[in-house]
Every structure is written in structure tokens, then in C-alpha cells.
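*Asks:* Let me begin by handing over the structure; questions about it come next.
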Amino acid sequence: MGCSSTRKSCNDKSCQRFYNTQQQTVAVDTPLQIQIAGAKVVDSGIAIETEPASYTITKTGLYHITADLTVFAAAAGAATFSAYLDGVQLPCTKRTVTLVAGTTEIHTETDLAFSHCCPCINKTITFVIEGATVAGTITQFCSGVLKLA
């Protein structure tokens, strides 16, 4: 679909949201790109495509990106959770948290505007947990990208 699709205009709203309960192992000091694909909650429009570990934005516009992560750790420690755009960390999404022994929930979100002379783009959004000082398990991951305009 994406840019070559003529079914809808670039101004159509789109939304992709997934909820993943597949356990993902967080190792000490080892970055983990989080798997997005799981239960599809919303799949609407053509401006956003989803791969197992990324969203691809294919149309210019204003987007809202959100993610909620639940980590279970056997001991207290720290970790950093962020969204990335084309492999570059989005600074305002960076959340460095203290992991408690047990369950810790982490939330991040941001808005991105893409304008270009051509309405077709190819921007990749990924989510990464890194800098963990204690091993743990991601037990839930809910994320989404919403094209606002």
C-alpha cells in the first residue's frame, strides 16, 4: 500500500495500535528492540504500516505516538525506555526509570509532524529498552501511532 496507493488521500486519518503479551527478555546492559506485533487493537487507514518490531509512517502529516510497557524484575535496578525515529532516539520520549523488584510500568508519548513537498514518506518508529542494570521480562507492551491530520 503506502505511497503508491490511490485509494485514499494523504489527508485521511489512520491509526495502528497493538497489544503484545508475549514475554520479551531484558538483559543487563543489552539494548532490546521491542516486538510490537501481538493482538491487533486498531488497524485503520493507509498512512501507517506495521512490521513485527516497527511502525512505518508513509504519508506526511501530524502523528501521535504512544507506548506503555510493563517490566517484571526480580530485583531493583534501572532502565531507559525510548521511541526511535529512523534509528535516532526521540529525546522527549526517553524515560529513565527505577525498576522495582516486581512490576514497573513505563509510559511514553510524543507528537511528530512530517511535511515535505511530496506527500509520500518512509519513516520508521521503533521502541527500545536499554541500559538495564538488572535482568527482567517485558510482560505487556501496548503501542500505537495515530495520524491526526
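FYI, nothing fancy with the C-alpha cells labels: chains A, B, ... in order, residues from 1 per chain, ligands from 1 as they appear.
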Go through segment 3-114 of chain A residue by residue and, counting only C-alpha atoms, keep those with an atom at most 7 Å from segment 129-138 of chain A; for each kept residue give the shortest atom pair and its distance in Å to one decimal, ordered by chain and increasing number, as a tab-separated table.

*Replies:*
residue	atom	partner	partner_atom	distance
A:Gln23	CA	A:Ile138	CA	5.5
A:Gln24	CA	A:Ile138	CA	5.0
A:Thr25	CA	A:Thr137	CA	4.6
A:Val26	CA	A:Gly136	CA	5.0
A:Ala27	CA	A:Ala135	CA	4.8
A:Val28	CA	A:Ala132	CA	5.0
A:Asp29	CA	A:Gly131	CA	4.7
A:Thr30	CA	A:Glu130	CA	6.1
A:Pro31	CA	A:Glu130	CA	4.3
A:Leu32	CA	A:Ile129	CA	5.4
A:Gln33	CA	A:Ile129	CA	6.7
A:Thr70	CA	A:Ile138	CA	5.7
A:Val71	CA	A:Ile138	CA	4.4
A:Phe72	CA	A:Thr137	CA	5.2
A:Ala73	CA	A:Gly136	CA	4.3
A:Ala74	CA	A:Gly136	CA	6.8
A:Ala75	CA	A:Val134	CA	6.8
A:Gly77	CA	A:Val134	CA	5.2
A:Ala78	CA	A:Thr133	CA	5.4
A:Ala79	CA	A:Ala132	CA	4.1
A:Thr80	CA	A:Glu130	CA	5.3
A:Phe81	CA	A:Ile129	CA	4.4
A:Ser82	CA	A:Ile129	CA	6.6

*Asks:* Please, which residues of segment 8-108 of chain A, numbered as in this document, come out strand (DSSP E or B) from DSSP, as a PyMOL selection string?

*Replies:* chain A and resi 14-20+24-26+32-33+39-44+48-51+54-59+61-73+77-85+88-89+95-99+102-108

*Asks:* Taking only C-alpha atoms into account, which of A:Ser115, A:Gln16, A:Gln35, A:Thr104 comes nearest Thr60 of chain A?

*Replies:*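 That would be A:Ser115, the residue with the smallest distance to Thr60 of chain A.
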
*Asks:* Which residue gives the smallest distance to Asn122 of chain A among A:Ile48, A:Ile65, A:Ala53, A:Val97, with only C-alpha atoms counted?

*Replies:*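 Smallest distance to Asn122 of chain A is found for A:Ile48.
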
*Asks:* Show me, as a list in words, the residues that have an atom within 9 Å of Gly38 of chain A when counting only C-alpha atoms, minus same-chain residues fewer than 6 positions from it.

*Replies:* Phe18, Tyr19, Asn20, Thr21, Gln22, Pro52 and Phe141 of chain A
